[in-house]
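S.K.: My questions all concern the structure below.
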Amino acid sequence: MTAALSQHPLRDARSVDSAGGPELAVACFHCGTPCPDRNHVRGERHFCCLGCQTVHELLQDQGLGHYYDLGATPGRRQPVLTGEDRYAFLDESSVRDRLLDFASDETQRVTFHVPAIHCVACVWLLENLFRLQPGVGSSTVNFARREVSIQFDPRQVSLAKVAGVLDTLGYPPDLKLSALDSRRGSAVPRRLWLQLGVAGFVFGNTMLFSLPGYFGLDAFSGPTFQKMFGVLSLLLGLPVVLFSAADYWRAAWYSLQQRRLSIEVPIALGIAALFAQSAYEVLSGHGEGYFDSLAGLLFFLLSGRVFQQKAFDRLTFDRDYKAFFPLSVIRLNAGTEERVSLAQLNVGDHLRIRHGELVPADARLIRGQASMDYSFVTGEADPVSRQVNDVLYAGGCQTGGTIDLEILKPVSQSYLTSLWNQEAFRKEKDDTFDTLTNRYSVRFTWLILLIAAGAAAFWTWSDPARGIRAFVGVLIVACPCALALAAPFTLGTAVRVLGRRGFFLRNGQVLEALAGIDSVVFDKTGTLTATAGGEVKFTGTELRPEELRAIRALASQSSHPLARRVVASLTPDSEVAPEVEEFSEVLGQGVTGRVEGREWWLGSPEWLREAGVELSASALEASSVHVARDGRYCGRFTVANSLRPETDRLLQGLATDCDLALLSGDNDREAARFRALFGLPATLEFNQSPARKLEFIRSLQEQGRSVMMVGDGLNDAGALRQSQVGVAVVEQIGAFSPASDVILEASRLSRLGALRKFAGTTLNLIRASFVISTLYNVIGLSIAAAGQLSPVVCAILMPLSSVTVVAFAVGAVHWFGRRAGLGPVLGTGEELS
């Protein structure tokens with residue numbers, strides 16, 4: 001740590017010792033609290049208690065001294081450390097099982113609500129937790145929700161120890177086990193309502209005291225009453241300044257500690273100036289002050305905060321309420337299968353999960369052998385074997401044969417959505433509007449301070465009261481909040497509008513990427529062509545009933561569209577399907593397994609040839625599933641496919657401003673058909689493996705192209721992840737691909753061009769919101785700097801600007817969404833809803 005870091009801004013303050021001589025009052029190097037004694041010292045650094053000293057030593061020993069570069073005294077005061085005993089109850093199995101998001105022998109994952117998170121230093125420290133505590137793998141902070149998600153190795157560190165370390169650092173987890181199974185409520189805290197109530201009470205009463213002055217009745221009340229009302233207003237104004245405005249003081253102080261100016265700094269200055277002027281007038285007898293304006297100012301400012309808090313709560317609200325995770329599953333009902341959405345699932349339901357499908361909630365395995373890929377949860381792709389009665393965790397992907405589960409916990413669609421948005425699946429994209437907002441806000445605060453100071457200096461010489469009014473008015477009326485709300489509300493509303501119409505986006509930033517696409521790459525089978533409803537014909541050696549049952553049982557393990565069509569074409573002659581053993585599936589190639597003692601292979605001809613199966617040249621046919629038993633070729637199922645409706649219109653529309661390409665794993669027998677559809681400039685490649693598709697996407701990006709990959713999400717995961725925007729087209733949303741950015745119901749494929757245009761419209765609406773916010777600030781500042789607006793009017797206008805921007809964003813997105821040609825709302829036949 002450099003010498004500069006040992007200097008502390010509070011160490012220049014002076015106090016008087018017991019002998020009456022001056023003594024340097026030392027502030028705690030960690031938290032800034034004045035040290036009551038000199039008992040806790042390390043080198044030249046003083047600490048107020050053993051807790052702060054211990055945390056400081058812990059950070060230094062682990063090489064995290066840069067924590068103090070993030071701001072003066074970024075830490076929080078610590079209690080004397082008590083170890084992990086305080087949280088020992090977390091290691092009881094009944095409690096631990098309710099808290100953990102995921103658990104295995106090597107990895108556990110937990111999410112804690114930590115109210116103490118308040119600044120960038122907190123985020124930095126908590127996301128470096130792995131350097132402080134052996135056994136912690138990673139930690140991710142959700143600042144908006146004040147949550148930290150921690151992944152750790154239970155063999156090295158217990159859950160109680162993890163919670164204890166957080167407490168030691170000054171971030172005790174808020175453990176309310178009774179709320180774990182309940183829905184998330186309003187984000188507006190009770191304290192904010194109390195602050196608003198106090199400000200409203202004082203505003204009403206001080207207005208009554210000021211009424212004689214407003215109506216010119218001062219002469220009737222007399223100087224005694226005027227002075228009494230002034231003193232009463234001062235006394236009533238104290239709780240407003242000390243309690244209702246406390247968050248503004250605190251936020252401004254934190255901002256100054258971090259050497260950054262936030263919007264709370266000018267607001268705090270305005271409150272301080274108005275209170276100081278009012279107190280001076282009352283105490284000096286020159287007037288009654290502006291305590292009614294001060295109370296009104298805080299009342300309307302806090303009203304605006306309540307509105308913004310509720311607005312952001314609506315924006316980031318649990319997906320269980322506002323949308324749904326794009327996944328459907330097979331539920332067993334009296335022995336029959338029915339496909340349902342996650343919202344229809346309840347604890348106790350029995351589910352059937354096939355290869356490649358996601359486990360939607362914590363469940364107990366009741367049939368089959370599970371081979372779970374938890375990379376969606378932990379980032380580790382090694383399959384984990386589980387037996388009957390073992391617990392399977394939400395987010396796991398089955399990589400073996402079909403299994404049956406019993407749901408143990410309610411489905412948390414917000415948890416699944418958070419997994420979809422975790423760092424492992426994110427793509428490196430510039431959040432253009434976030435960057436613009438941040439740059440604007442930083443410069444905005446400096447500009448406001450300069451304008452306020454200039455207005456005050458200009459008017460004070462001729463009219464001091466007007467100078468104060470101009471100074472406070474400028475500080476209060478200026479508001480970058482409307483600008484900050486523009487992008488998240490517009491993008492968030494657009495995501496919900498699209499979700500209702502069958503377009504499921506990972507997050508709002510996908511729209512920014514969509515608007516910049518200049519190259520579109522399509523897969524063929526299952527994307528542009530539909531196998532559902534097409535005729536299935538078998539050519540080859542005649543199969544006996546028991547062989548057809550074996551083929552059906554093996555094909556039913558897979559989610560591939562061709563396998564699903566084969567299953568649908570084979571009517572079962574028995575209610576009990578034979579068991580499939582040693583099942584495995586090679587992505588994009590086929591499946592193999594042992595049924596009733598015989599080894600079966602279903603897949604592409606090339607894959608069967610690699611396995612030693614002899615095929616004739618005539619066996620090569622598009623959209624076919626080849627069958628082999630015990631190494632001998634049996635024949636093939638040919639699945640008739642057809643183009644999805646309006647595919648030609650889709651390609652013609654995209655070709656106007658995008659380069660098109662087709663990558664297919666099938667042979668080139670249909671090359672002429674698709675060349676006519678795509679046109680001469682397009683690139684058509686056949687016999688493409690998943691690896692070659694990925695390489696093609698990379699080659700386009702190396703040429704500076706922005707690529708959208710459209711595939712079925714099963715064989716194209718690598719290409720979907722590599723592209724700027726990956727679109728998974730699905731018949732029934734069962735096999736979820738976390739590599740995709742958009743999940744699109746197959747019936748909406750023809751609307752893909754409309755989706756891209758709507759993305760551009762959404763970005764234009766954000767720019768329009770920026771213009772509205774800028775115009776508001778320019779007009780408001782001009783009038784306020786002229787001293788023509790009272791602080792109360794400014795406080796009303798400030799939240800009103802946020803209301804205007806939010807109303808414009810939500811209304812305009814809905815209006816354009818209904819007219820963008822995106823198709824009808826799911827479950828309705830109406831396009832205009």
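Just so we're on the same page: first chain in the structure tokens is A, next is B, and so on; residues restart at 1 for each chain, and ligands are numbered from 1 in the order they show up.
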Could you pull the residues within 8 Å of Val742 in chain A, counting only C-alpha atoms, minus those fewer than 3 positions along the same chain, as a ChimeraX atom specification?

M.R.: /A:503-506,510,725-728

S.K.: Pick out the residues sitting within 10 Å of Glu695 in chain A, and hand them over as a list in words; count only C-alpha atoms, and ignore anything fewer than 4 positions along from it in its own chain.

M.R.: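 Using only C-alpha atoms, the neighbours found are Ser689, Pro690, Ala691, Ser699, Leu700, Gln701, Gly718, Ala719 and Gln722 of chain A.
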
S.K.: Need the shell around range 188-205 of chain A: protein/DNA/RNA residues with any atom at most 6 Å away, counting only C-alpha atoms. Skip same-chain ones fewer than 4 positions apart. Format as an NGL selection string?

M.R.: :A and (240 or 244 or 292 or 295-296 or 299 or 302)

S.K.: Between CA of Thr592 in chain A and CA of Ile551 in chain A, what is the spacing in Å?

M.R.: 10.1 Å

S.K.: Taking only range 589-632 of chain A into account, list the residues labelled strand (DSSP E or B) by DSSP (computed from the backbone), as a list in words.

M.R.: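 Filtering range 589-632 of chain A to strand (DSSP E or B) leaves Gly590, Val591, Thr592, Gly593, Arg594, Val595, Arg598, Glu599, Trp600, Trp601, Leu602, Gly603, Ser624, Val625, His626, Val627, Ala628, Arg629 and Arg632 of chain A.
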
S.K.: Just list as a VMD selection string whatever in range 560-650 of chain A DSSP marks as alpha helix (DSSP H).

M.R.: chain A and resid 561 to 569 605 to 610 647 to 650

S.K.: Kindly save the residues from that selection, with all heavy atoms included, as a compact mmCIF listing (two decimals), in the first residue's frame.

M.R.:
# COMPACT_ATOMS: atom_id res chain seq x y z
N PRO A 561 -35.88 -33.65 -33.53
CA PRO A 561 -37.17 -33.65 -34.23
C PRO A 561 -37.40 -34.89 -35.09
O PRO A 561 -38.53 -35.38 -35.19
CB PRO A 561 -37.12 -32.37 -35.08
CG PRO A 561 -35.69 -31.95 -35.10
CD PRO A 561 -35.11 -32.43 -33.82
N LEU A 562 -36.35 -35.43 -35.72
CA LEU A 562 -36.53 -36.65 -36.52
C LEU A 562 -36.85 -37.84 -35.63
O LEU A 562 -37.69 -38.69 -35.98
CB LEU A 562 -35.28 -36.93 -37.36
CG LEU A 562 -34.96 -35.92 -38.47
CD1 LEU A 562 -33.70 -36.33 -39.22
CD2 LEU A 562 -36.13 -35.79 -39.43
N ALA A 563 -36.20 -37.92 -34.48
CA ALA A 563 -36.51 -39.01 -33.54
C ALA A 563 -37.94 -38.91 -33.04
O ALA A 563 -38.64 -39.92 -32.90
CB ALA A 563 -35.52 -38.99 -32.37
N ARG A 564 -38.40 -37.69 -32.80
CA ARG A 564 -39.77 -37.52 -32.33
C ARG A 564 -40.78 -37.95 -33.39
O ARG A 564 -41.84 -38.50 -33.09
CB ARG A 564 -40.03 -36.05 -31.95
CG ARG A 564 -39.08 -35.44 -30.95
CD ARG A 564 -38.85 -36.25 -29.70
NE ARG A 564 -40.11 -36.62 -29.06
CZ ARG A 564 -40.27 -37.76 -28.41
NH1 ARG A 564 -39.29 -38.63 -28.32
NH2 ARG A 564 -41.43 -38.02 -27.84
N ARG A 565 -40.45 -37.70 -34.67
CA ARG A 565 -41.36 -38.11 -35.74
C ARG A 565 -41.39 -39.63 -35.88
O ARG A 565 -42.44 -40.22 -36.16
CB ARG A 565 -40.92 -37.48 -37.07
CG ARG A 565 -41.21 -36.00 -37.17
CD ARG A 565 -42.71 -35.71 -37.11
NE ARG A 565 -43.43 -36.39 -38.15
CZ ARG A 565 -44.52 -37.13 -37.97
NH1 ARG A 565 -45.02 -37.28 -36.75
NH2 ARG A 565 -45.12 -37.72 -38.98
N VAL A 566 -40.25 -40.28 -35.71
CA VAL A 566 -40.22 -41.75 -35.75
C VAL A 566 -41.08 -42.33 -34.64
O VAL A 566 -41.87 -43.27 -34.85
CB VAL A 566 -38.78 -42.26 -35.66
CG1 VAL A 566 -38.75 -43.78 -35.47
CG2 VAL A 566 -37.99 -41.87 -36.91
N VAL A 567 -40.97 -41.76 -33.44
CA VAL A 567 -41.77 -42.23 -32.31
C VAL A 567 -43.25 -42.06 -32.61
O VAL A 567 -44.08 -42.96 -32.37
CB VAL A 567 -41.39 -41.47 -31.02
CG1 VAL A 567 -42.36 -41.80 -29.88
CG2 VAL A 567 -39.97 -41.80 -30.62
N ALA A 568 -43.64 -40.91 -33.16
CA ALA A 568 -45.05 -40.64 -33.44
C ALA A 568 -45.60 -41.58 -34.50
O ALA A 568 -46.80 -41.89 -34.51
CB ALA A 568 -45.22 -39.19 -33.87
N SER A 569 -44.74 -42.08 -35.41
CA SER A 569 -45.21 -42.95 -36.49
C SER A 569 -45.39 -44.39 -36.06
O SER A 569 -46.04 -45.17 -36.76
CB SER A 569 -44.24 -42.88 -37.68
OG SER A 569 -43.01 -43.50 -37.35
N PRO A 605 -26.29 -41.90 -41.81
CA PRO A 605 -25.54 -43.00 -42.44
C PRO A 605 -24.05 -42.90 -42.20
O PRO A 605 -23.38 -43.93 -42.03
CB PRO A 605 -25.90 -42.84 -43.93
CG PRO A 605 -26.37 -41.42 -44.09
CD PRO A 605 -27.02 -41.07 -42.79
N GLU A 606 -23.51 -41.68 -42.18
CA GLU A 606 -22.07 -41.53 -41.93
C GLU A 606 -21.69 -42.05 -40.56
O GLU A 606 -20.65 -42.69 -40.38
CB GLU A 606 -21.66 -40.05 -42.07
CG GLU A 606 -21.79 -39.48 -43.48
CD GLU A 606 -23.21 -39.05 -43.80
OE1 GLU A 606 -24.08 -39.12 -42.90
OE2 GLU A 606 -23.47 -38.65 -44.96
N TRP A 607 -22.55 -41.77 -39.58
CA TRP A 607 -22.26 -42.21 -38.20
C TRP A 607 -22.29 -43.73 -38.11
O TRP A 607 -21.43 -44.35 -37.46
CB TRP A 607 -23.29 -41.57 -37.26
CG TRP A 607 -23.03 -41.81 -35.81
CD1 TRP A 607 -21.91 -41.51 -35.12
CD2 TRP A 607 -23.93 -42.41 -34.88
NE1 TRP A 607 -22.05 -41.87 -33.80
CE2 TRP A 607 -23.29 -42.42 -33.62
CE3 TRP A 607 -25.23 -42.92 -34.98
CZ2 TRP A 607 -23.89 -42.95 -32.49
CZ3 TRP A 607 -25.83 -43.44 -33.84
CH2 TRP A 607 -25.17 -43.44 -32.61
N LEU A 608 -23.27 -44.35 -38.77
CA LEU A 608 -23.34 -45.80 -38.74
C LEU A 608 -22.15 -46.43 -39.46
O LEU A 608 -21.62 -47.47 -39.04
CB LEU A 608 -24.65 -46.28 -39.39
CG LEU A 608 -25.82 -46.55 -38.43
CD1 LEU A 608 -26.24 -45.26 -37.71
CD2 LEU A 608 -27.01 -47.16 -39.16
N ARG A 609 -21.69 -45.80 -40.55
CA ARG A 609 -20.52 -46.32 -41.25
C ARG A 609 -19.28 -46.27 -40.36
O ARG A 609 -18.45 -47.19 -40.35
CB ARG A 609 -20.28 -45.51 -42.53
CG ARG A 609 -21.16 -45.94 -43.69
CD ARG A 609 -20.88 -45.09 -44.91
NE ARG A 609 -21.58 -45.58 -46.08
CZ ARG A 609 -21.64 -44.95 -47.23
NH1 ARG A 609 -21.04 -43.75 -47.36
NH2 ARG A 609 -22.29 -45.46 -48.26
N GLU A 610 -19.13 -45.15 -39.61
CA GLU A 610 -17.99 -45.04 -38.69
C GLU A 610 -18.03 -46.12 -37.62
O GLU A 610 -16.99 -46.52 -37.09
CB GLU A 610 -17.98 -43.66 -38.04
CG GLU A 610 -17.67 -42.52 -39.00
CD GLU A 610 -17.74 -41.17 -38.33
OE1 GLU A 610 -17.98 -41.13 -37.09
OE2 GLU A 610 -17.55 -40.14 -39.01
N THR A 647 -41.70 -19.00 -45.62
CA THR A 647 -40.25 -18.96 -45.57
C THR A 647 -39.68 -18.09 -46.68
O THR A 647 -38.69 -17.36 -46.48
CB THR A 647 -39.67 -20.38 -45.65
OG1 THR A 647 -40.12 -21.15 -44.55
CG2 THR A 647 -38.15 -20.35 -45.66
N ASP A 648 -40.30 -18.17 -47.87
CA ASP A 648 -39.80 -17.37 -49.00
C ASP A 648 -39.90 -15.87 -48.71
O ASP A 648 -38.98 -15.10 -49.00
CB ASP A 648 -40.57 -17.72 -50.27
CG ASP A 648 -42.08 -17.63 -50.10
OD1 ASP A 648 -42.54 -17.57 -48.93
OD2 ASP A 648 -42.80 -17.62 -51.11
N ARG A 649 -41.01 -15.45 -48.08
CA ARG A 649 -41.16 -14.03 -47.73
C ARG A 649 -40.14 -13.61 -46.68
O ARG A 649 -39.59 -12.50 -46.73
CB ARG A 649 -42.57 -13.76 -47.22
CG ARG A 649 -43.66 -13.86 -48.30
CD ARG A 649 -45.01 -13.56 -47.70
NE ARG A 649 -45.04 -12.27 -47.02
CZ ARG A 649 -46.04 -11.86 -46.25
NH1 ARG A 649 -47.11 -12.64 -46.07
NH2 ARG A 649 -46.00 -10.67 -45.68
N LEU A 650 -39.88 -14.48 -45.72
CA LEU A 650 -38.89 -14.19 -44.68
C LEU A 650 -37.52 -13.95 -45.32
O LEU A 650 -36.85 -12.95 -45.02
CB LEU A 650 -38.82 -15.34 -43.68
CG LEU A 650 -37.62 -15.33 -42.73
CD1 LEU A 650 -37.71 -14.14 -41.78
CD2 LEU A 650 -37.56 -16.64 -41.94

S.K.: CA of Phe444 in chain A and CA of Ala807 in chain A, how far apart in Å?

M.R.: 23.1 Å

S.K.: Quick one: pull the distance between CA of Met372 in chain A and CA of Val411 in chain A, Å, one decimal.

M.R.: 18.3 Å

S.K.: Pick out the residues sitting within 10 Å of Thr541 in chain A, and hand them over as a list of chain:residue names; count only C-alpha atoms, and ignore anything fewer than 6 positions along from it in its own chain.

M.R.: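 So the residues in contact are A:Tyr633, A:Cys634, A:Gly635, A:Arg636.
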
S.K.: Give me the residues within 7 Å of Leu602 in chain A as a list of chain:residue names, counting only C-alpha atoms and dropping any in the same chain fewer than 6 places off.

M.R.: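 These residues fall inside the cut-off: A:Gly590, A:Val591, A:Thr592, A:Val625, A:His626, A:Val627, A:Ala628.
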
S.K.: For the selection just defined, write its residues with N, CA and C atoms to a file, as a PDB file, in the first residue's frame.

M.R.:
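Writing done, so here's again_8.pdb:
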ATOM      1  N   GLY A 590     -26.712 -39.303 -33.827  1.00  0.00           N
ATOM      2  CA  GLY A 590     -27.676 -40.361 -33.584  1.00  0.00           C
ATOM      3  C   GLY A 590     -27.638 -40.861 -32.161  1.00  0.00           C
ATOM      4  N   VAL A 591     -28.400 -41.944 -31.912  1.00  0.00           N
ATOM      5  CA  VAL A 591     -28.503 -42.529 -30.574  1.00  0.00           C
ATOM      6  C   VAL A 591     -28.223 -44.018 -30.658  1.00  0.00           C
ATOM      7  N   THR A 592     -27.769 -44.556 -29.533  1.00  0.00           N
ATOM      8  CA  THR A 592     -27.522 -45.985 -29.442  1.00  0.00           C
ATOM      9  C   THR A 592     -27.908 -46.456 -28.053  1.00  0.00           C
ATOM     10  N   VAL A 625     -33.631 -41.441 -40.953  1.00  0.00           N
ATOM     11  CA  VAL A 625     -33.042 -42.027 -39.754  1.00  0.00           C
ATOM     12  C   VAL A 625     -32.713 -43.474 -40.081  1.00  0.00           C
ATOM     13  N   HIS A 626     -31.454 -43.821 -40.043  1.00  0.00           N
ATOM     14  CA  HIS A 626     -31.001 -45.161 -40.413  1.00  0.00           C
ATOM     15  C   HIS A 626     -30.932 -46.046 -39.171  1.00  0.00           C
ATOM     16  N   VAL A 627     -31.239 -47.339 -39.386  1.00  0.00           N
ATOM     17  CA  VAL A 627     -31.379 -48.284 -38.279  1.00  0.00           C
ATOM     18  C   VAL A 627     -30.404 -49.439 -38.451  1.00  0.00           C
ATOM     19  N   ALA A 628     -29.713 -49.775 -37.366  1.00  0.00           N
ATOM     20  CA  ALA A 628     -28.838 -50.955 -37.347  1.00  0.00           C
ATOM     21  C   ALA A 628     -29.067 -51.719 -36.052  1.00  0.00           C
TER      22      ALA A 628
END

S.K.: Which residue out of A:Glu147, A:Asp463, A:Glu44, A:Glu596 has the minimum interatomic distance to Cys122 in chain A when only C-alpha atoms are used?

M.R.: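 Using only C-alpha atoms, the shortest distance to Cys122 in chain A belongs to A:Glu147.
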